[in-house]
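data.cif (mmCIF, C-alpha atoms)
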data_structure
#
loop_
_atom_site.group_PDB
_atom_site.id
_atom_site.type_symbol
_atom_site.label_atom_id
_atom_site.label_comp_id
_atom_site.auth_asym_id
_atom_site.auth_seq_id
_atom_site.Cartn_x
_atom_site.Cartn_y
_atom_site.Cartn_z
ATOM 1 C CA ARG A 19 0.427 -20.782 0.242
ATOM 2 C CA GLY A 20 2.010 -17.497 -0.736
ATOM 3 C CA TRP A 21 2.511 -15.958 -4.137
ATOM 4 C CA PRO A 22 5.408 -17.350 -6.211
ATOM 5 C CA ARG A 23 8.673 -15.622 -7.039
ATOM 6 C CA GLY A 24 9.089 -12.585 -4.887
ATOM 7 C CA GLY A 25 7.425 -10.757 -2.059
ATOM 8 C CA GLY A 26 5.664 -7.566 -1.176
ATOM 9 C CA GLY A 27 7.374 -4.777 0.406
ATOM 10 C CA ALA A 28 8.653 -1.279 0.046
ATOM 11 C CA ARG A 29 9.312 2.217 1.169
ATOM 12 C CA PRO A 30 6.713 4.889 0.479
ATOM 13 C CA ARG A 31 7.305 6.950 -2.602
ATOM 14 C CA LYS A 32 6.172 10.414 -3.523
ATOM 15 C CA LYS A 33 3.916 10.887 -6.475
ATOM 16 C CA ALA A 34 5.821 10.419 -9.717
ATOM 17 C CA VAL A 35 6.102 13.638 -11.675
ATOM 18 C CA ALA A 36 5.420 13.755 -15.397
ATOM 19 C CA ASN A 37 8.579 14.243 -17.440
ATOM 20 C CA MET A 38 7.517 15.005 -20.979
ATOM 21 C CA GLY A 39 10.810 16.736 -21.735
ATOM 22 C CA LEU A 40 12.710 13.524 -21.092
ATOM 23 C CA ALA A 41 10.055 11.566 -22.962
ATOM 24 C CA LEU A 42 10.439 13.831 -25.959
ATOM 25 C CA SER A 43 14.214 13.474 -26.021
ATOM 26 C CA LEU A 44 13.919 9.699 -25.700
ATOM 27 C CA GLY A 45 11.255 9.570 -28.366
ATOM 28 C CA LEU A 46 13.389 11.494 -30.826
ATOM 29 C CA GLY A 47 16.365 9.274 -30.121
ATOM 30 C CA MET A 48 14.496 6.004 -30.403
ATOM 31 C CA GLY A 49 12.364 6.795 -33.398
ATOM 32 C CA PHE A 50 8.622 7.330 -33.424
ATOM 33 C CA GLY A 51 7.831 4.434 -35.711
ATOM 34 C CA ALA A 52 9.724 1.649 -33.961
ATOM 35 C CA ALA A 53 8.409 -1.877 -34.582
ATOM 36 C CA THR A 54 9.474 -3.118 -31.148
ATOM 37 C CA PRO A 55 9.702 -1.340 -27.783
ATOM 38 C CA ALA A 56 12.945 0.415 -26.982
ATOM 39 C CA LEU A 57 14.946 0.005 -23.780
ATOM 40 C CA ALA A 58 14.037 2.921 -21.524
ATOM 41 C CA LYS A 59 16.761 2.768 -18.872
ATOM 42 C CA PRO A 60 20.225 1.152 -19.116
ATOM 43 C CA ARG A 61 20.570 -0.144 -15.548
ATOM 44 C CA PRO A 62 17.695 -1.495 -13.437
ATOM 45 C CA PRO A 63 17.681 -0.986 -9.665
ATOM 46 C CA PRO A 64 18.724 -3.869 -7.397
ATOM 47 C CA ARG A 65 16.144 -6.562 -6.676
ATOM 48 C CA ALA A 66 15.814 -5.658 -3.006
ATOM 49 C CA GLU A 67 14.928 -2.043 -3.792
ATOM 50 C CA VAL A 68 12.058 -3.078 -6.071
ATOM 51 C CA GLU A 69 10.784 -5.671 -3.611
ATOM 52 C CA ARG A 70 10.603 -2.915 -0.993
ATOM 53 C CA ALA A 71 8.730 -0.523 -3.282
ATOM 54 C CA LEU A 72 5.593 -0.650 -1.106
ATOM 55 C CA GLU A 73 7.148 -1.022 2.309
ATOM 56 C CA GLY A 74 5.388 1.266 4.795
ATOM 57 C CA VAL A 75 3.405 2.951 2.044
ATOM 58 C CA GLU A 76 0.737 5.430 3.117
ATOM 59 C CA TRP A 77 -1.671 6.301 0.347
ATOM 60 C CA ASP A 78 -3.201 9.754 -0.048
ATOM 61 C CA GLU A 79 -6.947 9.775 0.463
ATOM 62 C CA ALA A 80 -7.656 11.056 -3.026
ATOM 63 C CA TRP A 81 -6.439 10.027 -6.473
ATOM 64 C CA PRO A 82 -3.141 11.935 -6.721
ATOM 65 C CA TYR A 83 -2.767 12.225 -10.491
ATOM 66 C CA THR A 84 -3.914 14.797 -13.026
ATOM 67 C CA GLY A 85 -4.759 14.619 -16.693
ATOM 68 C CA GLY A 86 -1.266 15.827 -17.554
ATOM 69 C CA ASP A 87 0.236 12.742 -15.945
ATOM 70 C CA PHE A 88 -1.426 10.691 -18.688
ATOM 71 C CA ALA A 89 -0.434 12.886 -21.634
ATOM 72 C CA ARG A 90 1.490 11.166 -24.419
ATOM 73 C CA LEU A 91 3.807 12.296 -27.190
ATOM 74 C CA ASP A 92 1.558 10.627 -29.763
ATOM 75 C CA SER A 93 -1.976 11.771 -29.063
ATOM 76 C CA GLU A 94 -3.412 10.170 -32.183
ATOM 77 C CA PRO A 95 -6.009 7.440 -31.561
ATOM 78 C CA ASP A 96 -4.465 4.143 -30.557
ATOM 79 C CA THR A 97 -6.451 2.429 -33.275
ATOM 80 C CA THR A 98 -4.103 4.118 -35.746
ATOM 81 C CA PHE A 99 -0.937 3.006 -33.987
ATOM 82 C CA TYR A 100 -2.157 -0.591 -33.660
ATOM 83 C CA THR A 101 -3.411 -0.935 -37.229
ATOM 84 C CA GLU A 102 -0.198 -2.759 -38.126
ATOM 85 C CA ALA A 103 0.163 -6.238 -36.610
ATOM 86 C CA ARG A 104 3.422 -6.775 -34.683
ATOM 87 C CA PHE A 105 4.252 -10.462 -34.425
ATOM 88 C CA VAL A 106 7.261 -9.913 -32.185
ATOM 89 C CA GLN A 107 8.070 -10.472 -28.535
ATOM 90 C CA HIS A 108 8.259 -7.170 -26.682
ATOM 91 C CA VAL A 109 10.954 -8.335 -24.259
ATOM 92 C CA ASP A 110 13.925 -10.691 -24.664
ATOM 93 C CA ASP A 111 13.792 -14.481 -24.397
ATOM 94 C CA ALA A 112 14.856 -14.543 -20.745
ATOM 95 C CA ALA A 113 12.014 -12.208 -19.784
ATOM 96 C CA VAL A 114 9.492 -14.171 -21.855
ATOM 97 C CA ALA A 115 10.501 -17.364 -20.041
ATOM 98 C CA ALA A 116 10.246 -15.608 -16.676
ATOM 99 C CA MET A 117 6.766 -14.293 -17.507
ATOM 100 C CA ARG A 118 5.511 -17.731 -18.517
ATOM 101 C CA ALA A 119 6.963 -19.290 -15.377
ATOM 102 C CA TYR A 120 5.373 -16.594 -13.228
ATOM 103 C CA TYR A 121 1.903 -17.050 -14.722
ATOM 104 C CA ASP A 122 2.199 -20.830 -14.417
ATOM 105 C CA ALA A 123 3.201 -20.637 -10.746
ATOM 106 C CA ALA A 124 0.685 -17.907 -9.895
ATOM 107 C CA LEU A 125 -2.227 -19.779 -11.438
ATOM 108 C CA GLN A 126 -1.154 -23.055 -9.842
ATOM 109 C CA THR A 127 -1.040 -21.267 -6.494
ATOM 110 C CA GLN A 128 -4.478 -19.800 -7.074
ATOM 111 C CA LEU A 129 -5.875 -23.185 -8.074
ATOM 112 C CA LEU A 130 -4.571 -24.835 -4.911
ATOM 113 C CA ALA A 131 -5.611 -21.975 -2.643
ATOM 114 C CA GLY A 132 -9.106 -21.245 -3.815
ATOM 115 C CA ALA A 133 -10.392 -23.727 -6.367
ATOM 116 C CA GLY A 134 -13.906 -24.989 -5.919
ATOM 117 C CA ALA A 135 -15.130 -28.498 -6.522
ATOM 118 C CA SER A 136 -15.398 -27.796 -10.251
ATOM 119 C CA GLN A 137 -11.845 -26.456 -10.588
ATOM 120 C CA LYS A 138 -9.391 -29.336 -10.490
ATOM 121 C CA GLN A 139 -6.861 -28.348 -13.150
ATOM 122 C CA LEU A 140 -5.466 -25.192 -14.710
ATOM 123 C CA GLY A 141 -7.757 -25.546 -17.700
ATOM 124 C CA ASP A 142 -10.751 -25.081 -15.416
ATOM 125 C CA LEU A 143 -9.747 -21.507 -14.632
ATOM 126 C CA SER A 144 -11.210 -18.615 -16.615
ATOM 127 C CA VAL A 145 -8.622 -15.985 -17.531
ATOM 128 C CA LEU A 146 -8.843 -12.559 -19.168
ATOM 129 C CA ASP A 147 -5.799 -11.377 -21.100
ATOM 130 C CA LEU A 148 -6.173 -7.598 -21.025
ATOM 131 C CA CYS A 149 -4.416 -5.655 -23.792
ATOM 132 C CA ALA A 150 -3.885 -9.007 -25.484
ATOM 133 C CA SER A 151 -1.717 -9.707 -28.498
ATOM 134 C CA TRP A 152 -0.659 -12.785 -30.485
ATOM 135 C CA THR A 153 0.675 -14.655 -27.433
ATOM 136 C CA SER A 154 -0.648 -14.749 -23.868
ATOM 137 C CA HIS A 155 2.413 -16.310 -22.181
ATOM 138 C CA LEU A 156 0.228 -18.831 -20.351
ATOM 139 C CA PRO A 157 1.242 -22.434 -19.635
ATOM 140 C CA PRO A 158 0.468 -25.048 -22.330
ATOM 141 C CA ALA A 159 -2.587 -26.214 -20.379
ATOM 142 C CA PHE A 160 -4.392 -23.212 -21.879
ATOM 143 C CA ASN A 161 -3.593 -23.957 -25.536
ATOM 144 C CA VAL A 162 -6.942 -24.173 -27.304
ATOM 145 C CA ALA A 163 -5.944 -27.134 -29.482
ATOM 146 C CA SER A 164 -5.075 -29.360 -26.529
ATOM 147 C CA LYS A 165 -6.962 -27.695 -23.687
ATOM 148 C CA ALA A 166 -8.714 -29.829 -21.092
ATOM 149 C CA GLY A 167 -11.064 -28.247 -18.597
ATOM 150 C CA ALA A 168 -14.142 -26.076 -18.433
ATOM 151 C CA GLY A 169 -12.401 -22.692 -18.236
ATOM 152 C CA ARG A 170 -11.626 -20.209 -20.961
ATOM 153 C CA VAL A 171 -9.095 -17.580 -21.977
ATOM 154 C CA SER A 172 -10.645 -14.373 -23.267
ATOM 155 C CA GLY A 173 -8.559 -11.719 -24.968
ATOM 156 C CA LEU A 174 -9.192 -8.009 -25.239
ATOM 157 C CA GLY A 175 -6.803 -6.224 -27.549
ATOM 158 C CA MET A 176 -6.327 -3.757 -30.389
ATOM 159 C CA ASN A 177 -5.358 -5.774 -33.458
ATOM 160 C CA ALA A 178 -7.595 -8.462 -34.930
ATOM 161 C CA ALA A 179 -4.806 -10.254 -36.805
ATOM 162 C CA GLU A 180 -2.761 -10.627 -33.626
ATOM 163 C CA LEU A 181 -5.757 -11.817 -31.610
ATOM 164 C CA LYS A 182 -6.738 -14.357 -34.272
ATOM 165 C CA ALA A 183 -3.206 -15.760 -34.210
ATOM 166 C CA ASN A 184 -3.207 -16.282 -30.436
ATOM 167 C CA GLU A 185 -3.426 -20.041 -29.883
ATOM 168 C CA GLN A 186 -4.568 -19.663 -26.271
ATOM 169 C CA LEU A 187 -7.644 -17.494 -26.764
ATOM 170 C CA ASN A 188 -11.052 -19.129 -26.768
ATOM 171 C CA ASP A 189 -12.657 -15.784 -27.612
ATOM 172 C CA TRP A 190 -11.500 -12.251 -28.208
ATOM 173 C CA VAL A 191 -12.730 -8.715 -28.761
ATOM 174 C CA GLU A 192 -11.157 -5.545 -30.136
ATOM 175 C CA GLN A 193 -11.493 -2.600 -27.761
ATOM 176 C CA ASP A 194 -9.549 0.600 -27.174
ATOM 177 C CA LEU A 195 -9.445 1.157 -23.422
ATOM 178 C CA ASN A 196 -8.129 4.701 -23.863
ATOM 179 C CA VAL A 197 -11.300 6.137 -25.392
ATOM 180 C CA GLY A 198 -14.759 6.800 -24.104
ATOM 181 C CA GLY A 199 -14.916 10.528 -23.454
ATOM 182 C CA ALA A 200 -16.827 11.237 -20.260
ATOM 183 C CA ALA A 201 -17.962 7.640 -20.055
ATOM 184 C CA ALA A 202 -15.594 5.268 -18.266
ATOM 185 C CA PRO A 203 -14.277 2.315 -20.292
ATOM 186 C CA ARG A 204 -16.307 -0.809 -19.637
ATOM 187 C CA LEU A 205 -15.161 -4.387 -20.154
ATOM 188 C CA PRO A 206 -17.695 -6.448 -22.146
ATOM 189 C CA TYR A 207 -18.082 -9.188 -19.526
ATOM 190 C CA PRO A 208 -20.539 -9.830 -16.684
ATOM 191 C CA ASP A 209 -19.592 -9.344 -13.046
ATOM 192 C CA GLY A 210 -17.477 -12.109 -11.525
ATOM 193 C CA THR A 211 -16.548 -13.799 -14.818
ATOM 194 C CA PHE A 212 -12.830 -14.489 -14.358
ATOM 195 C CA ASP A 213 -10.519 -16.228 -11.909
ATOM 196 C CA ALA A 214 -7.560 -14.161 -13.102
ATOM 197 C CA VAL A 215 -6.914 -11.056 -15.180
ATOM 198 C CA LEU A 216 -3.496 -10.569 -16.790
ATOM 199 C CA CYS A 217 -2.080 -7.345 -18.179
ATOM 200 C CA SER A 218 1.288 -7.997 -19.788
ATOM 201 C CA LEU A 219 3.673 -5.229 -20.865
ATOM 202 C CA SER A 220 0.888 -2.708 -21.470
ATOM 203 C CA VAL A 221 0.092 -0.850 -18.248
ATOM 204 C CA ASP A 222 2.391 2.021 -19.242
ATOM 205 C CA TYR A 223 0.077 2.877 -22.159
ATOM 206 C CA LEU A 224 -3.189 3.166 -20.211
ATOM 207 C CA THR A 225 -4.500 6.726 -19.989
ATOM 208 C CA ARG A 226 -7.395 5.794 -17.694
ATOM 209 C CA PRO A 227 -5.931 3.120 -15.443
ATOM 210 C CA ARG A 228 -8.159 3.755 -12.435
ATOM 211 C CA GLU A 229 -11.297 3.170 -14.479
ATOM 212 C CA VAL A 230 -9.825 0.159 -16.274
ATOM 213 C CA PHE A 231 -8.772 -1.576 -13.067
ATOM 214 C CA ALA A 232 -12.100 -0.771 -11.418
ATOM 215 C CA GLU A 233 -13.592 -2.782 -14.264
ATOM 216 C CA VAL A 234 -11.023 -5.522 -13.661
ATOM 217 C CA ALA A 235 -12.175 -5.713 -10.038
ATOM 218 C CA ARG A 236 -15.773 -5.993 -11.243
ATOM 219 C CA VAL A 237 -15.160 -8.908 -13.612
ATOM 220 C CA LEU A 238 -12.966 -10.836 -11.151
ATOM 221 C CA ARG A 239 -14.525 -13.506 -8.981
ATOM 222 C CA PRO A 240 -13.948 -13.288 -5.218
ATOM 223 C CA GLY A 241 -10.513 -14.769 -4.576
ATOM 224 C CA GLY A 242 -9.453 -14.065 -8.151
ATOM 225 C CA ALA A 243 -6.327 -12.046 -8.855
ATOM 226 C CA VAL A 244 -5.090 -9.374 -11.231
ATOM 227 C CA HIS A 245 -1.473 -9.685 -12.369
ATOM 228 C CA ILE A 246 0.185 -6.688 -14.035
ATOM 229 C CA VAL A 247 3.575 -7.508 -15.566
ATOM 230 C CA PHE A 248 5.908 -4.795 -16.852
ATOM 231 C CA GLY A 249 9.529 -4.297 -17.824
ATOM 232 C CA ASP A 250 11.599 -1.347 -18.943
ATOM 233 C CA ARG A 251 10.985 -1.457 -22.688
ATOM 234 C CA LEU A 252 8.254 0.673 -24.170
ATOM 235 C CA PHE A 253 6.921 2.458 -27.210
ATOM 236 C CA ILE A 254 7.969 5.851 -25.894
ATOM 237 C CA THR A 255 5.513 7.877 -27.960
ATOM 238 C CA LYS A 256 2.561 5.925 -26.536
ATOM 239 C CA ALA A 257 3.680 5.684 -22.895
ATOM 240 C CA VAL A 258 2.006 8.110 -20.486
ATOM 241 C CA ALA A 259 4.087 10.945 -19.022
ATOM 242 C CA LEU A 260 3.754 9.502 -15.533
ATOM 243 C CA TRP A 261 5.737 6.451 -16.644
ATOM 244 C CA THR A 262 8.615 7.960 -18.586
ATOM 245 C CA GLY A 263 11.925 8.703 -16.932
ATOM 246 C CA LYS A 264 11.146 6.554 -13.874
ATOM 247 C CA ASP A 265 12.820 3.409 -12.554
ATOM 248 C CA ALA A 266 11.283 0.075 -11.594
ATOM 249 C CA VAL A 267 10.752 1.107 -7.965
ATOM 250 C CA GLU A 268 8.639 4.065 -9.044
ATOM 251 C CA HIS A 269 6.862 1.969 -11.659
ATOM 252 C CA ALA A 270 5.931 -0.642 -9.049
ATOM 253 C CA TYR A 271 4.605 2.089 -6.766
ATOM 254 C CA THR A 272 2.640 3.663 -9.616
ATOM 255 C CA VAL A 273 1.007 0.398 -10.686
ATOM 256 C CA ALA A 274 0.165 -0.445 -7.073
ATOM 257 C CA SER A 275 -1.437 2.980 -6.693
ATOM 258 C CA TYR A 276 -3.640 2.288 -9.723
ATOM 259 C CA LEU A 277 -4.981 -0.835 -8.032
ATOM 260 C CA HIS A 278 -5.362 0.844 -4.641
ATOM 261 C CA TYR A 279 -7.443 3.711 -5.991
ATOM 262 C CA ALA A 280 -9.372 1.618 -8.530
ATOM 263 C CA SER A 281 -11.550 -0.358 -6.146
ATOM 264 C CA ALA A 282 -11.939 -1.098 -2.460
ATOM 265 C CA ALA A 283 -12.792 -4.627 -3.575
ATOM 266 C CA LEU A 284 -9.127 -5.280 -4.341
ATOM 267 C CA GLY A 285 -6.760 -6.305 -1.559
ATOM 268 C CA SER A 286 -3.400 -4.705 -0.847
ATOM 269 C CA PRO A 287 -1.094 -4.804 -3.894
ATOM 270 C CA GLU A 288 2.091 -6.867 -3.781
ATOM 271 C CA VAL A 289 5.287 -6.608 -5.824
ATOM 272 C CA ALA A 290 7.331 -9.449 -7.313
ATOM 273 C CA VAL A 291 10.638 -9.304 -9.169
ATOM 274 C CA LEU A 292 10.580 -11.887 -11.955
ATOM 275 C CA ARG A 293 13.992 -10.905 -13.328
ATOM 276 C CA ASP A 294 16.221 -8.262 -11.779
ATOM 277 C CA GLY A 295 18.117 -7.600 -15.014
ATOM 278 C CA GLN A 296 21.480 -7.402 -13.320
ATOM 279 C CA ASP A 297 22.866 -9.833 -15.914
ATOM 280 C CA GLY A 298 22.266 -7.338 -18.709
ATOM 281 C CA LYS A 299 19.127 -9.050 -19.954
ATOM 282 C CA ASP A 300 15.656 -7.549 -19.655
ATOM 283 C CA PRO A 301 14.283 -7.064 -16.129
ATOM 284 C CA LEU A 302 10.674 -7.979 -15.440
ATOM 285 C CA TYR A 303 8.320 -7.210 -12.562
ATOM 286 C CA ALA A 304 4.771 -7.945 -11.440
ATOM 287 C CA VAL A 305 2.244 -6.156 -9.246
ATOM 288 C CA ARG A 306 -0.784 -8.189 -8.197
ATOM 289 C CA ALA A 307 -3.848 -7.935 -5.998
ATOM 290 C CA VAL A 308 -6.602 -10.328 -4.967
ATOM 291 C CA ARG A 309 -10.337 -9.621 -5.277
ATOM 292 C CA LYS A 310 -11.836 -9.658 -1.804
ATOM 293 C CA ALA A 311 -14.688 -12.014 -0.965
#

Target encoding structure tokens, full file:
Amino acid sequence: RGWPRGGGGARPRKKAVANMGLALSLGLGMGFGAATPALAKPRPPPRAEVERALEGVEWDEAWPYTGGDFARLDSEPDTTFYTEARFVQHVDDAAVAAMRAYYDAALQTQLLAGAGASQKQLGDLSVLDLCASWTSHLPPAFNVASKAGAGRVSGLGMNAAELKANEQLNDWVEQDLNVGGAAAPRLPYPDGTFDAVLCSLSVDYLTRPREVFAEVARVLRPGGAVHIVFGDRLFITKAVALWTGKDAVEHAYTVASYLHYASAALGSPEVAVLRDGQDGKDPLYAVRAVRKA
């Protein structure tokens, strides 16, 4: 069975160019201390354009980005920015519903396609919520209070109060993935721990995405999948320059490139449109890849 809600696709894109001038103007207009992410672009591209974001893509042999592509307006440590708990949804209700439906369908598909004898229900899957917050947007089968099954949901995030409030996490850890100096960030889990890794509405803040997703490939089990969901709202001062001023087609290409260059153990990335946003509500997209056997 194929992935739910959307398909792969798309024309090759050139490397996105950092646009810190635009980021600065947006940051000044939106306010540097916003409690919720601001809307970055007023009109999303048509669904078909995003679904074709990887059609005929030919990747460069080498990682095409520089340190400047991951510069941010706010260079202060992320631990400072995330000191304050934010118990808000970072997209509108329509996008939240679409994200939950996507994760439900994707995990059901994965269960049917690759579950072993010990994995008979969603609750048997082990899931990592990367850049986790107070809600993981998973189906109710993963609620700790009513969960059945031998799996777990682990959360890795930046704010203890938010992580403690998440009713779907069996365990959690605070970790800043944007620090480490010369040492690459390392996830605190053994190889092949998880059936799925989710990264919801946070990929635009990662300053070392290649290293982070190499770690994701390491902790995924063969046949497991990484799902990166993003929209067009963001904390502009914390988004990397590579992300700002771009549309969803370029964002899909950028996220797919992260996965491509992160690890040869990951299969070809695919793009899905969860909401196209043509109705004026928040658009939402996913890029995913499967860990090879």

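Closest approach to Pro208 (chain A) among A:Asp194, A:Glu233, A:Asp110, A:Glu94: A:Glu233, based on only C-alpha atoms.
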
Which residues would end up in the selection if the PyMOL selection byres ((chain A and resi 108) around 12) were applied here, given that I need the answer as a tab-separated table (two decimals) with C-alpha atoms, keeping the file's coordinate frame?
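Produced file selection_7.tsv, reproduced below:
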chain	number	residue	atom	x	y	z
A	52	ALA	CA	9.72	1.65	-33.96
A	53	ALA	CA	8.41	-1.88	-34.58
A	54	THR	CA	9.47	-3.12	-31.15
A	55	PRO	CA	9.70	-1.34	-27.78
A	56	ALA	CA	12.94	0.42	-26.98
A	57	LEU	CA	14.95	0.00	-23.78
A	104	ARG	CA	3.42	-6.78	-34.68
A	105	PHE	CA	4.25	-10.46	-34.42
A	106	VAL	CA	7.26	-9.91	-32.18
A	107	GLN	CA	8.07	-10.47	-28.54
A	109	VAL	CA	10.95	-8.34	-24.26
A	110	ASP	CA	13.92	-10.69	-24.66
A	111	ASP	CA	13.79	-14.48	-24.40
A	112	ALA	CA	14.86	-14.54	-20.74
A	113	ALA	CA	12.01	-12.21	-19.78
A	114	VAL	CA	9.49	-14.17	-21.86
A	117	MET	CA	6.77	-14.29	-17.51
A	151	SER	CA	-1.72	-9.71	-28.50
A	152	TRP	CA	-0.66	-12.78	-30.48
A	153	THR	CA	0.68	-14.66	-27.43
A	155	HIS	CA	2.41	-16.31	-22.18
A	218	SER	CA	1.29	-8.00	-19.79
A	219	LEU	CA	3.67	-5.23	-20.86
A	220	SER	CA	0.89	-2.71	-21.47
A	248	PHE	CA	5.91	-4.80	-16.85
A	249	GLY	CA	9.53	-4.30	-17.82
A	250	ASP	CA	11.60	-1.35	-18.94
A	251	ARG	CA	10.98	-1.46	-22.69
A	252	LEU	CA	8.25	0.67	-24.17
A	253	PHE	CA	6.92	2.46	-27.21
A	300	ASP	CA	15.66	-7.55	-19.66
A	302	LEU	CA	10.67	-7.98	-15.44

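If you measure from each of A:Ala80, A:Leu143, A:Ala124, A:Ala150 to Tyr100 (chain A) using only C-alpha atoms, the closest one turns out to be A:Ala150.
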
- prompt: Could you work out how far CA of Pro227 (chain A) lies from CA of Leu91 (chain A), giving the answer in Å with one decimal?
  reply: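 Calculated distance between CA of Leu91 (chain A) and CA of Pro227 (chain A) is 17.8 Å.
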
| message | I'd like to know which of A:Ala202, A:Val197, A:Leu181, A:Ala163 is closest to Glu229 (chain A), using only C-alpha atoms. | response |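 Among the listed residues, the smallest separation from Glu229 (chain A) belongs to A:Ala202.
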
List the spatial neighbours of Asp297 (chain A) as a PyMOL selection string - criterion: any atom at most 10 Å away, all atoms listed in the file, same-chain residues fewer than 4 positions off excluded.
chain A and resi 61+293+301

Margin query: Report, in Å with one decimal, the straight-line distance from CA of Thr97 (chain A) to CA of Thr211 (chain A).
Written below: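 These two atoms are separated by 26.6 Å.
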
Could you spell out the hits of the PyMOL selection byres ((chain A and resi 260-270) around 6) on the shown file, as a PDB file with C-alpha atoms, in the coordinates of the input?
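Full text of part.pdb as output:
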ATOM      1  CA  ALA A  36       5.420  13.755 -15.397  1.00  0.00           C
ATOM      2  CA  ALA A  41      10.055  11.566 -22.962  1.00  0.00           C
ATOM      3  CA  VAL A  68      12.058  -3.078  -6.071  1.00  0.00           C
ATOM      4  CA  ALA A  71       8.730  -0.523  -3.282  1.00  0.00           C
ATOM      5  CA  ASP A  87       0.236  12.742 -15.945  1.00  0.00           C
ATOM      6  CA  VAL A 258       2.006   8.110 -20.486  1.00  0.00           C
ATOM      7  CA  ALA A 259       4.087  10.945 -19.022  1.00  0.00           C
ATOM      8  CA  TYR A 271       4.605   2.089  -6.766  1.00  0.00           C
ATOM      9  CA  THR A 272       2.640   3.663  -9.616  1.00  0.00           C
ATOM     10  CA  VAL A 273       1.007   0.398 -10.686  1.00  0.00           C
TER      11      VAL A 273
END

As a check of understanding: the span from CA of Val308 (chain A) to CA of Gly141 (chain A) is 19.9 Å

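Residues having any atom no farther than 10 Å from (-2.5, 0.6, -3.2) (counting only C-alpha atoms) are Leu72, Val75, Glu76, Trp77, Asp78, Tyr271, Thr272, Val273, Ala274, Ser275, Tyr276, Leu277, His278, Tyr279, Ala280, Ser281, Ala282, Leu284, Gly285, Ser286, Pro287, Glu288 and Ala307 of chain A.
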
Option closest in space to Leu146 (chain A), from A:Ala123, A:Ala179, A:Ala115, A:Ile246 [counting only C-alpha atoms]: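 Among the listed residues, A:Ile246 lies closest to Leu146 (chain A).
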
So which residues get picked by the PyMOL selection byres ((chain A and resi 212) around 9) here, written as a PDB file with C-alpha atoms, keeping the file's coordinate frame?
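Final file, result_11.pdb:
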ATOM      1  CA  LEU A 143      -9.747 -21.507 -14.632  1.00  0.00           C
ATOM      2  CA  SER A 144     -11.210 -18.615 -16.615  1.00  0.00           C
ATOM      3  CA  VAL A 145      -8.622 -15.985 -17.531  1.00  0.00           C
ATOM      4  CA  LEU A 146      -8.843 -12.559 -19.168  1.00  0.00           C
ATOM      5  CA  ARG A 170     -11.626 -20.209 -20.961  1.00  0.00           C
ATOM      6  CA  ASP A 209     -19.592  -9.344 -13.046  1.00  0.00           C
ATOM      7  CA  GLY A 210     -17.477 -12.109 -11.525  1.00  0.00           C
ATOM      8  CA  THR A 211     -16.548 -13.799 -14.818  1.00  0.00           C
ATOM      9  CA  ASP A 213     -10.519 -16.228 -11.909  1.00  0.00           C
ATOM     10  CA  ALA A 214      -7.560 -14.161 -13.102  1.00  0.00           C
ATOM     11  CA  VAL A 215      -6.914 -11.056 -15.180  1.00  0.00           C
ATOM     12  CA  VAL A 237     -15.160  -8.908 -13.612  1.00  0.00           C
ATOM     13  CA  LEU A 238     -12.966 -10.836 -11.151  1.00  0.00           C
ATOM     14  CA  ARG A 239     -14.525 -13.506  -8.981  1.00  0.00           C
ATOM     15  CA  GLY A 242      -9.453 -14.065  -8.151  1.00  0.00           C
ATOM     16  CA  ALA A 243      -6.327 -12.046  -8.855  1.00  0.00           C
TER      17      ALA A 243
END

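Take the candidates A:Leu130, A:Ala89, A:Asp142, A:Lys310 and check each one against Arg226 (chain A) using only C-alpha atoms; the shortest distance goes to A:Ala89.
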
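Each of A:Leu292, A:Leu156, A:Leu148, A:Val171 was checked against Phe231 (chain A) using only C-alpha atoms; the smallest atom-to-atom distance is that of A:Leu148.
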
Pull the neighbourhood of (1.2, -20.8, -12.3) for me: all residues within 12 Å in file coordinates, counting all atoms listed in the file, as a PyMOL selection string.
-> chain A and resi 21-23+116-131+139-141+143+155-160+214+245

Give me the box for region 271-282 of chain A as lines of an AutoDock Vina configuration file, namely the centre and edge lengths in Å to one decimal of a box along x, y and z that holds every listed atom plus 3 Å on each side.
center_x = -3.7
center_y = 1.3
center_z = -6.6
size_x = 22.5
size_y = 10.8
size_z = 14.2
